[in-house]
file target_18.csv (CSV, C-alpha atoms (C1' of nucleotides))
chain,number,residue,atom,x,y,z
K,168,MET,CA,91.8,116.9,121.7
K,169,GLU,CA,92.9,118.8,124.8
K,170,ILE,CA,92.1,117.0,128.0
K,171,SER,CA,92.9,117.8,131.6
K,172,PHE,CA,94.0,115.6,134.5
K,173,SER,CA,90.6,115.9,136.2
K,174,ASP,CA,88.9,114.9,132.9
K,175,ILE,CA,91.0,111.8,132.9
K,176,LYS,CA,90.3,111.1,136.5
K,177,ARG,CA,86.6,111.4,136.0
K,178,LYS,CA,86.7,109.1,133.0
K,179,PHE,CA,88.6,106.5,135.1
K,180,GLN,CA,86.1,106.8,137.9
K,181,GLU,CA,83.2,106.4,135.6
K,182,CYS,CA,84.7,103.1,134.5
K,183,GLY,CA,85.6,102.0,138.0
K,184,LEU,CA,89.3,102.3,137.4
K,185,LYS,CA,91.8,103.5,139.9
K,186,THR,CA,93.7,106.7,138.9
K,187,THR,CA,97.3,105.7,139.1
K,188,PRO,CA,100.2,107.9,137.7
K,189,GLN,CA,101.2,105.3,135.2
K,190,ARG,CA,97.7,104.7,133.9
K,191,THR,CA,97.1,108.4,133.7
K,192,ALA,CA,100.4,109.0,131.8
K,193,ILE,CA,99.7,106.1,129.3
K,194,TYR,CA,96.1,107.3,128.6
K,195,ASP,CA,97.2,110.9,128.3
K,196,ALA,CA,100.0,110.0,125.9
K,197,LEU,CA,97.5,108.1,123.8
K,198,LEU,CA,95.0,111.0,123.9
K,199,ARG,CA,97.7,113.4,122.7
K,200,SER,CA,98.8,111.2,119.8
K,201,THR,CA,97.2,110.7,116.4
K,202,ALA,CA,99.9,108.3,115.3
K,203,HIS,CA,98.1,105.1,116.6
K,204,PRO,CA,101.1,104.1,118.7
K,205,THR,CA,102.0,100.5,119.7
K,206,ALA,CA,102.3,99.4,123.2
K,207,GLU,CA,106.1,99.8,122.9
K,208,ASP,CA,105.7,103.3,121.4
K,209,LEU,CA,103.7,104.3,124.5
K,210,PHE,CA,106.2,102.6,126.8
K,211,VAL,CA,109.1,104.6,125.2
K,212,LYS,CA,107.1,107.8,125.5
K,213,VAL,CA,106.1,107.4,129.1
K,214,ALA,CA,109.1,105.5,130.5
K,215,PRO,CA,111.2,108.7,131.2
K,216,GLN,CA,108.6,109.7,133.8
K,217,PHE,CA,108.6,106.2,135.4
K,218,PRO,CA,112.0,104.6,135.1
K,219,MET,CA,110.7,101.6,137.0
K,220,MET,CA,107.7,101.0,134.8
K,221,SER,CA,107.5,97.7,132.9
K,222,LEU,CA,106.2,97.2,129.4
K,223,ASN,CA,103.8,94.8,131.1
K,224,THR,CA,102.1,97.6,132.8
K,225,VAL,CA,101.5,99.2,129.4
K,226,TYR,CA,99.9,96.1,128.1
K,227,TYR,CA,97.8,95.6,131.2
K,228,THR,CA,96.7,99.2,131.1
K,229,LEU,CA,95.8,99.2,127.4
K,230,GLY,CA,93.8,96.0,128.0
K,231,VAL,CA,91.9,97.6,130.8
K,232,LEU,CA,91.2,100.8,128.9
K,233,ARG,CA,90.1,98.8,125.9
K,234,THR,CA,87.8,96.6,128.0
K,235,SER,CA,86.4,99.8,129.5
K,236,GLY,CA,85.7,101.2,126.1
K,237,LEU,CA,88.1,104.2,126.5
K,238,ILE,CA,90.3,103.3,123.7
K,239,HIS,CA,90.2,101.2,120.5
K,240,GLU,CA,92.6,98.7,119.1
K,241,VAL,CA,93.5,99.3,115.5
K,242,ASN,CA,95.3,96.5,113.7
K,243,ILE,CA,97.2,96.9,110.5
K,244,GLY,CA,98.8,93.7,109.5
K,245,HIS,CA,99.2,91.0,112.1
K,246,THR,CA,102.5,92.1,113.5
K,247,ARG,CA,101.7,94.5,116.3
K,248,ALA,CA,98.6,96.0,117.9
K,249,ARG,CA,98.1,99.7,117.6
K,250,PHE,CA,95.9,101.9,119.8
K,251,ASP,CA,93.7,104.9,119.4
K,252,ALA,CA,91.9,107.0,122.0
K,253,ASN,CA,89.8,108.8,119.3
K,254,LEU,CA,86.4,107.3,119.9
K,255,THR,CA,84.5,109.4,117.3
K,256,PRO,CA,83.7,107.2,114.3
K,257,HIS,CA,86.4,107.5,111.7
K,258,HIS,CA,88.4,105.6,109.2
K,259,HIS,CA,92.0,105.1,108.4
K,260,LEU,CA,94.5,105.6,105.6
K,261,ILE,CA,97.6,103.5,105.8
K,262,CYS,CA,100.9,104.1,104.0
K,263,LEU,CA,102.1,100.8,102.7
K,264,GLY,CA,105.7,102.1,102.8
K,265,CYS,CA,106.1,103.4,106.3
K,266,GLN,CA,103.0,101.9,107.9
K,267,THR,CA,101.9,105.4,109.0
K,268,ILE,CA,98.2,105.5,109.9
K,269,VAL,CA,96.3,108.7,109.1
K,270,ASP,CA,92.8,109.4,110.5
K,271,VAL,CA,90.1,109.8,107.9
K,272,MET,CA,87.2,111.8,109.4
K,273,ASP,CA,85.0,112.0,106.3
K,274,PRO,CA,81.5,111.4,107.8
K,275,ARG,CA,80.1,110.2,104.5
K,276,LEU,CA,82.0,107.0,105.1
K,277,ASN,CA,80.0,106.4,108.3
K,278,ARG,CA,76.8,105.9,106.5
K,279,LEU,CA,77.5,103.1,104.0
K,280,THR,CA,74.4,101.3,102.7
K,281,SER,CA,74.1,97.8,104.1
K,282,PRO,CA,75.7,95.4,101.7
K,283,PHE,CA,73.8,92.6,100.0
K,284,GLY,CA,74.8,89.0,99.8
K,285,ILE,CA,75.5,88.5,103.4
K,286,PRO,CA,73.9,85.9,105.8
K,287,LYS,CA,70.4,87.1,106.9
K,288,ASP,CA,71.0,86.3,110.5
K,289,PHE,CA,74.2,88.3,110.7
K,290,GLU,CA,73.8,91.4,112.8
K,291,ILE,CA,76.1,94.2,111.6
K,292,THR,CA,77.2,96.5,114.4
K,293,GLY,CA,79.7,98.7,112.6
K,294,HIS,CA,82.1,99.1,109.8
K,295,GLN,CA,85.4,100.7,109.0
K,296,VAL,CA,87.0,101.7,105.8
K,297,VAL,CA,90.7,101.3,105.4
K,298,PHE,CA,92.4,103.2,102.6
K,299,ARG,CA,95.8,102.1,101.4
K,300,GLY,CA,98.4,103.9,99.4
K,301,LEU,CA,101.7,105.7,99.7
K,302,CYS,CA,102.4,108.9,101.6
K,303,GLY,CA,104.3,111.7,99.8
K,304,SER,CA,107.6,110.8,101.5
K,305,CYS,CA,107.4,107.1,100.6
K,306,ARG,CA,106.4,107.9,97.0
K,307,ARG,CA,109.5,110.0,96.6
K,308,HIS,CA,111.8,107.5,98.3
K,309,THR,CA,110.7,104.2,97.1
K,310,GLY,CA,109.9,105.0,93.5
K,311,ARG,CA,106.3,103.7,94.0
K,312,SER,CA,107.2,100.1,94.3
K,313,ILE,CA,104.3,99.3,96.5
K,314,ASN,CA,103.7,96.0,98.2
K,315,HIS,CA,100.0,95.5,97.9
K,316,SER,CA,100.0,92.2,99.6
K,317,SER,CA,99.0,93.0,103.1
K,318,SER,CA,95.7,94.5,104.0
K,319,GLY,CA,94.8,95.0,107.6
H,42,MET,CA,86.1,79.1,91.8
H,43,GLU,CA,87.0,75.8,90.1
H,44,ILE,CA,90.5,75.5,88.9
H,45,SER,CA,92.5,72.7,87.4
H,46,PHE,CA,96.1,71.5,88.0
H,47,SER,CA,97.2,72.9,84.7
H,48,ASP,CA,95.7,76.3,85.5
H,49,ILE,CA,97.7,76.3,88.7
H,50,LYS,CA,100.8,75.2,86.9
H,51,ARG,CA,100.4,77.9,84.3
H,52,LYS,CA,99.9,80.5,87.0
H,53,PHE,CA,103.1,79.4,88.8
H,54,GLN,CA,105.0,79.5,85.5
H,55,GLU,CA,103.8,83.0,84.8
H,56,CYS,CA,105.2,84.0,88.1
H,57,GLY,CA,108.5,82.1,87.7
H,58,LEU,CA,107.6,79.7,90.4
H,59,LYS,CA,108.4,76.0,90.4
H,60,THR,CA,105.4,73.7,90.5
H,61,THR,CA,106.0,71.4,93.5
H,62,PRO,CA,103.4,69.1,95.0
H,63,GLN,CA,103.4,70.9,98.3
H,64,ARG,CA,103.0,74.3,96.7
H,65,THR,CA,100.3,73.1,94.4
H,66,ALA,CA,98.4,71.5,97.3
H,67,ILE,CA,98.6,74.6,99.5
H,68,TYR,CA,97.5,77.0,96.7
H,69,ASP,CA,94.7,74.6,95.7
H,70,ALA,CA,93.5,74.4,99.3
H,71,LEU,CA,93.4,78.1,99.5
H,72,LEU,CA,91.6,78.5,96.2
H,73,ARG,CA,88.9,76.0,97.4
H,74,SER,CA,88.4,77.8,100.7
H,75,THR,CA,86.3,80.9,101.4
H,76,ALA,CA,87.1,80.8,105.1
H,77,HIS,CA,90.3,82.9,105.0
H,78,PRO,CA,92.4,80.2,106.6
H,79,THR,CA,95.5,80.7,108.7
H,80,ALA,CA,98.9,79.2,107.8
H,81,GLU,CA,98.1,76.5,110.4
H,82,ASP,CA,94.7,75.8,109.0
H,83,LEU,CA,96.2,75.2,105.6
H,84,PHE,CA,98.9,73.0,107.2
H,85,VAL,CA,96.3,70.9,108.8
H,86,LYS,CA,94.3,70.6,105.6
H,87,VAL,CA,97.3,69.6,103.5
H,88,ALA,CA,99.4,67.6,105.9
H,89,PRO,CA,97.6,64.3,105.4
H,90,GLN,CA,98.8,64.3,101.8
H,91,PHE,CA,102.4,65.1,102.9
H,92,PRO,CA,103.2,63.7,106.3
H,93,MET,CA,106.7,65.0,106.1
H,94,MET,CA,105.7,68.6,105.4
H,95,SER,CA,106.6,71.3,107.8
H,96,LEU,CA,104.6,74.3,108.8
H,97,ASN,CA,107.6,76.2,107.7
H,98,THR,CA,106.9,75.2,104.1
H,99,VAL,CA,103.4,76.6,104.4
H,100,TYR,CA,104.8,79.9,105.6
H,101,TYR,CA,107.4,80.0,102.9
H,102,THR,CA,104.9,79.1,100.2
H,103,LEU,CA,102.4,81.7,101.4
H,104,GLY,CA,105.1,84.3,101.4
H,105,VAL,CA,106.1,83.4,97.9
H,106,LEU,CA,102.5,83.4,96.6
H,107,ARG,CA,101.8,86.7,98.3
H,108,THR,CA,104.9,88.3,96.8
H,109,SER,CA,103.9,87.0,93.4
H,110,GLY,CA,100.5,88.6,93.8
H,111,LEU,CA,98.6,85.2,93.6
H,112,ILE,CA,97.1,85.6,97.1
H,113,HIS,CA,96.3,88.3,99.6
H,114,GLU,CA,96.9,88.5,103.3
H,115,VAL,CA,93.9,89.5,105.3
H,116,ASN,CA,94.4,90.5,108.9
H,117,ILE,CA,91.7,90.6,111.5
H,118,GLY,CA,93.1,91.5,114.8
H,119,HIS,CA,96.8,91.2,115.3
H,120,THR,CA,96.9,87.6,116.4
H,121,ARG,CA,97.3,85.5,113.2
H,122,ALA,CA,97.6,86.2,109.5
H,123,ARG,CA,94.8,84.9,107.3
H,124,PHE,CA,95.0,84.3,103.6
H,125,ASP,CA,92.7,84.7,100.6
H,126,ALA,CA,93.1,83.5,97.0
H,127,ASN,CA,90.1,85.5,95.8
H,128,LEU,CA,91.7,88.4,94.0
H,129,THR,CA,88.5,90.0,92.8
H,130,PRO,CA,87.9,93.2,94.7
H,131,HIS,CA,85.7,92.5,97.7
H,132,HIS,CA,85.2,93.3,101.3
H,133,HIS,CA,84.8,91.5,104.5
H,134,LEU,CA,82.3,90.9,107.3
H,135,ILE,CA,83.7,89.6,110.6
H,136,CYS,CA,81.9,88.0,113.4
H,137,LEU,CA,83.2,89.4,116.7
H,138,GLY,CA,82.2,86.2,118.4
H,139,CYS,CA,83.8,83.4,116.4
H,140,GLN,CA,86.1,85.5,114.2
H,141,THR,CA,84.6,84.0,111.1
H,142,ILE,CA,85.2,86.1,108.0
H,143,VAL,CA,82.6,86.3,105.3
H,144,ASP,CA,83.2,87.7,101.9
H,145,VAL,CA,81.2,90.8,100.9
H,146,MET,CA,81.1,91.1,97.1
H,147,ASP,CA,78.8,94.1,96.9
H,148,PRO,CA,80.4,96.1,94.0
H,149,ARG,CA,79.0,99.4,95.2
H,150,LEU,CA,81.6,99.3,98.0
H,151,ASN,CA,84.4,99.3,95.4
H,152,ARG,CA,83.6,102.8,94.3
H,153,LEU,CA,83.7,104.9,97.4
H,154,THR,CA,84.2,108.6,96.7
H,155,SER,CA,87.7,109.8,97.6
H,156,PRO,CA,87.6,111.0,101.2
H,157,PHE,CA,88.5,114.5,102.1
H,158,GLY,CA,90.8,115.7,104.8
H,159,ILE,CA,93.8,113.6,103.8
H,160,PRO,CA,97.3,114.8,102.9
H,161,LYS,CA,97.4,116.0,99.3
H,162,ASP,CA,100.5,114.1,98.4
H,163,PHE,CA,99.1,110.8,99.6
H,164,GLU,CA,98.4,108.5,96.7
H,165,ILE,CA,95.5,106.1,97.5
H,166,THR,CA,95.8,102.8,95.7
H,167,GLY,CA,92.9,101.0,97.2
H,168,HIS,CA,90.5,100.6,100.0
H,169,GLN,CA,88.7,97.9,101.9
H,170,VAL,CA,85.6,97.9,104.0
H,171,VAL,CA,85.4,95.7,107.1
H,172,PHE,CA,82.0,95.1,108.6
H,173,ARG,CA,81.8,93.8,112.1
H,174,GLY,CA,79.0,92.2,113.9
H,175,LEU,CA,77.7,88.8,115.2
H,176,CYS,CA,76.7,85.8,113.1
H,177,GLY,CA,73.5,84.1,113.9
H,178,SER,CA,75.1,81.3,115.8
H,179,CYS,CA,77.1,83.7,118.0
H,180,ARG,CA,74.1,85.9,118.6
H,181,ARG,CA,72.1,82.9,119.9
H,182,HIS,CA,75.0,81.6,122.0
H,183,THR,CA,76.5,84.7,123.6
H,184,GLY,CA,73.4,86.7,124.3
H,185,ARG,CA,74.9,89.6,122.2
H,186,SER,CA,77.6,90.5,124.6
H,187,ILE,CA,79.9,91.8,121.9
H,188,ASN,CA,83.4,92.9,122.4
H,189,HIS,CA,83.7,95.9,120.2
H,190,SER,CA,87.3,96.6,121.1
H,191,SER,CA,89.2,95.0,118.2
H,192,SER,CA,88.9,96.2,114.7
H,193,GLY,CA,91.3,94.6,112.3
Z,81,DT,C1',94.7,105.4,159.5
Z,82,DG,C1',94.0,100.7,158.2
Z,83,DC,C1',92.1,97.4,154.9
Z,84,DT,C1',91.4,95.3,150.6
Z,85,DA,C1',91.0,94.7,146.0
Z,86,DA,C1',93.3,96.6,142.1
Z,87,DA,C1',97.5,97.8,139.9
Z,88,DT,C1',102.5,97.3,139.2
Z,89,DA,C1',107.1,95.2,138.1
Z,90,DG,C1',109.6,91.5,136.8
Z,91,DG,C1',110.4,87.3,135.1
Z,92,DA,C1',108.7,83.2,132.7
Z,93,DA,C1',105.9,81.3,129.3
Z,94,DT,C1',103.4,81.2,125.0
Z,95,DA,C1',102.0,81.8,120.1
Z,96,DG,C1',102.9,83.1,115.6
Z,97,DT,C1',106.3,83.8,112.5
Z,98,DT,C1',111.0,84.2,110.6
Z,99,DC,C1',115.8,82.8,110.2
Z,100,DC,C1',119.3,79.4,109.2
Z,101,DT,C1',121.1,75.3,107.0
Z,102,DA,C1',121.5,71.0,104.8
Z,103,DA,C1',119.2,67.8,101.8
Z,104,DA,C1',115.9,67.1,98.0
Z,105,DC,C1',114.1,68.4,93.8
Z,106,DA,C1',112.1,71.0,89.4
Z,107,DG,C1',113.1,72.5,85.2
Z,108,DG,C1',116.3,74.2,81.9
Z,109,DA,C1',120.7,73.0,79.4
Z,110,DA,C1',123.6,69.8,77.2
S,283,DT,C1',117.7,61.4,78.7
S,284,DT,C1',121.0,63.0,82.1
S,285,DC,C1',123.2,66.6,84.5
S,286,DC,C1',123.4,71.0,86.8
S,287,DT,C1',121.9,74.8,89.4
S,288,DG,C1',119.1,77.6,91.8
S,289,DT,C1',114.8,76.9,94.2
S,290,DT,C1',112.2,74.5,97.5
S,291,DT,C1',111.6,71.8,101.5
S,292,DA,C1',112.2,70.1,106.4
S,293,DG,C1',113.7,70.8,110.7
S,294,DG,C1',115.3,73.2,114.3
S,295,DA,C1',116.6,77.4,116.5
S,296,DA,C1',115.7,82.2,117.1
S,297,DC,C1',112.8,86.1,117.4
S,298,DT,C1',108.9,89.3,118.6
S,299,DA,C1',104.7,90.5,120.5
S,300,DT,C1',101.9,89.4,123.9
S,301,DT,C1',100.1,87.0,128.0
S,302,DC,C1',100.6,84.6,132.3
S,303,DC,C1',102.1,84.2,137.0
S,304,DT,C1',103.2,86.1,141.4
S,305,DA,C1',105.0,89.0,145.0
S,306,DT,C1',104.8,93.7,146.2
S,307,DT,C1',102.8,98.2,146.2
S,308,DT,C1',99.2,101.4,146.2
S,309,DA,C1',94.5,104.0,145.4
S,310,DG,C1',90.4,104.7,147.4
S,311,DC,C1',87.0,103.5,150.6
S,312,DA,C1',85.5,102.5,155.6
call {"tool": "encode", "arguments": {"input": "target_18.csv", "output": "structure tokens"}}
result
Amino acid sequence: MEISFSDIKRKFQECGLKTTPQRTAIYDALLRSTAHPTAEDLFVKVAPQFPMMSLNTVYYTLGVLRTSGLIHEVNIGHTRARFDANLTPHHHLICLGCQTIVDVMDPRLNRLTSPFGIPKDFEITGHQVVFRGLCGSCRRHTGRSINHSSSG
Amino acid sequence: MEISFSDIKRKFQECGLKTTPQRTAIYDALLRSTAHPTAEDLFVKVAPQFPMMSLNTVYYTLGVLRTSGLIHEVNIGHTRARFDANLTPHHHLICLGCQTIVDVMDPRLNRLTSPFGIPKDFEITGHQVVFRGLCGSCRRHTGRSINHSSSG
DNA sequence: TGCTAAATAGGAATAGTTCCTAAACAGGAA
DNA sequence: TTCCTGTTTAGGAACTATTCCTATTTAGCA
């Protein structure tokens, strides 16, 4: 997804957000990544451009972008929040070895039939499928000893 | 799922775990719950029987049970880990208002076709569907102002 | 250009969890 | 049954991710 500075600026304006260099850099870094980075990942990536920047700013910015609907928070496990600027409906595949998250864009998964056995007055607004497994690298390195315990 | 003390004891033995009163109470409380409690929820539930018990013991016990495969960890959002002793394949429905987790037992969801567009050497071992929405109570109270941001 | 609300930086605080250690105990061996 | 040993427990300290607080800075409008 290639996006220009003016695109970002326009998006910020549409959401009533000021266009600051830090905010632009953080959002841009997230747009360019498909790795679902953590706040700290983004901080490390952006910090060279802004040696004075605080991790706090990254958290604040991610919070603002999330509230504005420009990004999503994706959580795998409870340890750290991870973020995604890909707003098109999609699903995820997680390696239980290295915690890598791969996007699964298969549109068939977007149209699951409504499940039965749920409370009648519960209004479902969306769903997401999370696949778990081992990536090639982890399969080779760990001899397939998967820890199945944790499921985001 | 009704389960007796001797059932629990046998399960522990099969896993090479000692049968202590605290451990039995924690596992029993989890077996009797469908609310996907947190470590602290379980601590509060079990503490009256063991006034000396520490929250630490709950964490240790949950860790051991998880490693032994007797329970699963279910994470919604990144804030706190939640646990589930229901090992039959199932899915979840989460209320974005009150964070309540409802089990979705629809077996059709257990047989999703393998998605395309994923790395060839990635071995998928399982999947889980998470439905999001608002429960009846939250729909009435919050006027449907849903925060779509977080998806566990 | 000046004003003002929003954004930033930095430090302190908080929440959830894990680590460390000594004492207690379950379960097998004698 | 009693003893022994490794496991479990309790308690506190430590750690990590995140949020809160506040003074300063700044983007964007008038």
call {"tool": "interface_residues", "arguments": {"input": "target_18.csv", "of": "chain Z", "to": "chain H", "cutoff": "9 Å", "atoms": "all atoms listed in the file", "output": "list in words"}}
result
DA95, DG96, DT97, DC105, DA106 and DG107 of chain Z
call {"tool": "atom_distance", "arguments": {"input": "target_18.csv", "atom1": "atom CA of Arg306 of chain K", "atom2": "atom CA of Glu164 of chain H"}}
result
8.0 Å
call {"tool": "closest_residue", "arguments": {"input": "target_18.csv", "among": "H:Val105, H:Leu71, H:Ile165, H:Leu137", "to": "DT289 of chain S", "atoms": "all atoms listed in the file"}}
result
H:Val105
call {"tool": "interface_residues", "arguments": {"input": "target_18.csv", "of": "chain K", "to": "chain H", "cutoff": "7 Å", "atoms": "all atoms listed in the file", "output": "PyMOL selection string"}}
result
chain K and resi 233-234+236+239-248+271+273+282-285+288-303+316-319
call {"tool": "write_last_selection", "arguments": {"input": "target_18.csv", "atoms": "C-alpha atoms", "output": "PDB file, keeping the file's coordinate frame"}}
result
ATOM      1  CA  ARG K 233      90.100  98.800 125.900  1.00  0.00           C
ATOM      2  CA  THR K 234      87.800  96.600 128.000  1.00  0.00           C
ATOM      3  CA  GLY K 236      85.700 101.200 126.100  1.00  0.00           C
ATOM      4  CA  HIS K 239      90.200 101.200 120.500  1.00  0.00           C
ATOM      5  CA  GLU K 240      92.600  98.700 119.100  1.00  0.00           C
ATOM      6  CA  VAL K 241      93.500  99.300 115.500  1.00  0.00           C
ATOM      7  CA  ASN K 242      95.300  96.500 113.700  1.00  0.00           C
ATOM      8  CA  ILE K 243      97.200  96.900 110.500  1.00  0.00           C
ATOM      9  CA  GLY K 244      98.800  93.700 109.500  1.00  0.00           C
ATOM     10  CA  HIS K 245      99.200  91.000 112.100  1.00  0.00           C
ATOM     11  CA  THR K 246     102.500  92.100 113.500  1.00  0.00           C
ATOM     12  CA  ARG K 247     101.700  94.500 116.300  1.00  0.00           C
ATOM     13  CA  ALA K 248      98.600  96.000 117.900  1.00  0.00           C
ATOM     14  CA  VAL K 271      90.100 109.800 107.900  1.00  0.00           C
ATOM     15  CA  ASP K 273      85.000 112.000 106.300  1.00  0.00           C
ATOM     16  CA  PRO K 282      75.700  95.400 101.700  1.00  0.00           C
ATOM     17  CA  PHE K 283      73.800  92.600 100.000  1.00  0.00           C
ATOM     18  CA  GLY K 284      74.800  89.000  99.800  1.00  0.00           C
ATOM     19  CA  ILE K 285      75.500  88.500 103.400  1.00  0.00           C
ATOM     20  CA  ASP K 288      71.000  86.300 110.500  1.00  0.00           C
ATOM     21  CA  PHE K 289      74.200  88.300 110.700  1.00  0.00           C
ATOM     22  CA  GLU K 290      73.800  91.400 112.800  1.00  0.00           C
ATOM     23  CA  ILE K 291      76.100  94.200 111.600  1.00  0.00           C
ATOM     24  CA  THR K 292      77.200  96.500 114.400  1.00  0.00           C
ATOM     25  CA  GLY K 293      79.700  98.700 112.600  1.00  0.00           C
ATOM     26  CA  HIS K 294      82.100  99.100 109.800  1.00  0.00           C
ATOM     27  CA  GLN K 295      85.400 100.700 109.000  1.00  0.00           C
ATOM     28  CA  VAL K 296      87.000 101.700 105.800  1.00  0.00           C
ATOM     29  CA  VAL K 297      90.700 101.300 105.400  1.00  0.00           C
ATOM     30  CA  PHE K 298      92.400 103.200 102.600  1.00  0.00           C
ATOM     31  CA  ARG K 299      95.800 102.100 101.400  1.00  0.00           C
ATOM     32  CA  GLY K 300      98.400 103.900  99.400  1.00  0.00           C
ATOM     33  CA  LEU K 301     101.700 105.700  99.700  1.00  0.00           C
ATOM     34  CA  CYS K 302     102.400 108.900 101.600  1.00  0.00           C
ATOM     35  CA  GLY K 303     104.300 111.700  99.800  1.00  0.00           C
ATOM     36  CA  SER K 316     100.000  92.200  99.600  1.00  0.00           C
ATOM     37  CA  SER K 317      99.000  93.000 103.100  1.00  0.00           C
ATOM     38  CA  SER K 318      95.700  94.500 104.000  1.00  0.00           C
ATOM     39  CA  GLY K 319      94.800  95.000 107.600  1.00  0.00           C
TER      40      GLY K 319
END
call {"tool": "closest_residue", "arguments": {"input": "target_18.csv", "among": "K:Asn277, K:Thr205, K:Ser221, K:Asn253", "to": "DG91 of chain Z", "atoms": "all atoms listed in the file"}}
result
K:Ser221
call {"tool": "atom_distance", "arguments": {"input": "target_18.csv", "atom1": "atom CA of Arg73 of chain H", "atom2": "atom CA of Met93 of chain H"}}
result
22.7 Å
call {"tool": "interface_residues", "arguments": {"input": "target_18.csv", "of": "chain S", "to": "chain K", "cutoff": "9 Å", "atoms": "all atoms listed in the file", "output": "VMD selection string"}}
result
chain S and resid 298 to 300 308 to 310
call {"tool": "atom_distance", "arguments": {"input": "target_18.csv", "atom1": "atom CA of Leu254 of chain K", "atom2": "atom CA of Ala192 of chain K"}}
result
18.5 Å
call {"tool": "residues_around", "arguments": {"input": "target_18.csv", "residues": "Gln189 of chain K", "least_positions_apart": "6", "cutoff": "10 Å", "atoms": "all atoms listed in the file", "output": "list in words"}}
result
Asp195, Val213, Ala214, Gln216, Phe217, Met220, Thr224, Val225 and Thr228 of chain K; DA87 and DT88 of chain Z
call {"tool": "residues_near_point", "arguments": {"input": "target_18.csv", "point": "(118.5, 79.4, 111.2)", "cutoff": "12 Å", "atoms": "only C-alpha atoms (C1' of nucleotides)", "output": "mmCIF file with C-alpha atoms (C1' of nucleotides), keeping the file's coordinate frame"}}
result
data_model
loop_
_atom_site.group_PDB
_atom_site.id
_atom_site.type_symbol
_atom_site.label_atom_id
_atom_site.label_comp_id
_atom_site.auth_asym_id
_atom_site.auth_seq_id
_atom_site.Cartn_x
_atom_site.Cartn_y
_atom_site.Cartn_z
ATOM 1 C CA ASN H 97 107.600 76.200 107.700
ATOM 2 C "C1'" DT Z 98 111.000 84.200 110.600
ATOM 3 C "C1'" DC Z 99 115.800 82.800 110.200
ATOM 4 C "C1'" DC Z 100 119.300 79.400 109.200
ATOM 5 C "C1'" DT Z 101 121.100 75.300 107.000
ATOM 6 C "C1'" DA Z 102 121.500 71.000 104.800
ATOM 7 C "C1'" DG S 293 113.700 70.800 110.700
ATOM 8 C "C1'" DG S 294 115.300 73.200 114.300
ATOM 9 C "C1'" DA S 295 116.600 77.400 116.500
ATOM 10 C "C1'" DA S 296 115.700 82.200 117.100
ATOM 11 C "C1'" DC S 297 112.800 86.100 117.400
#
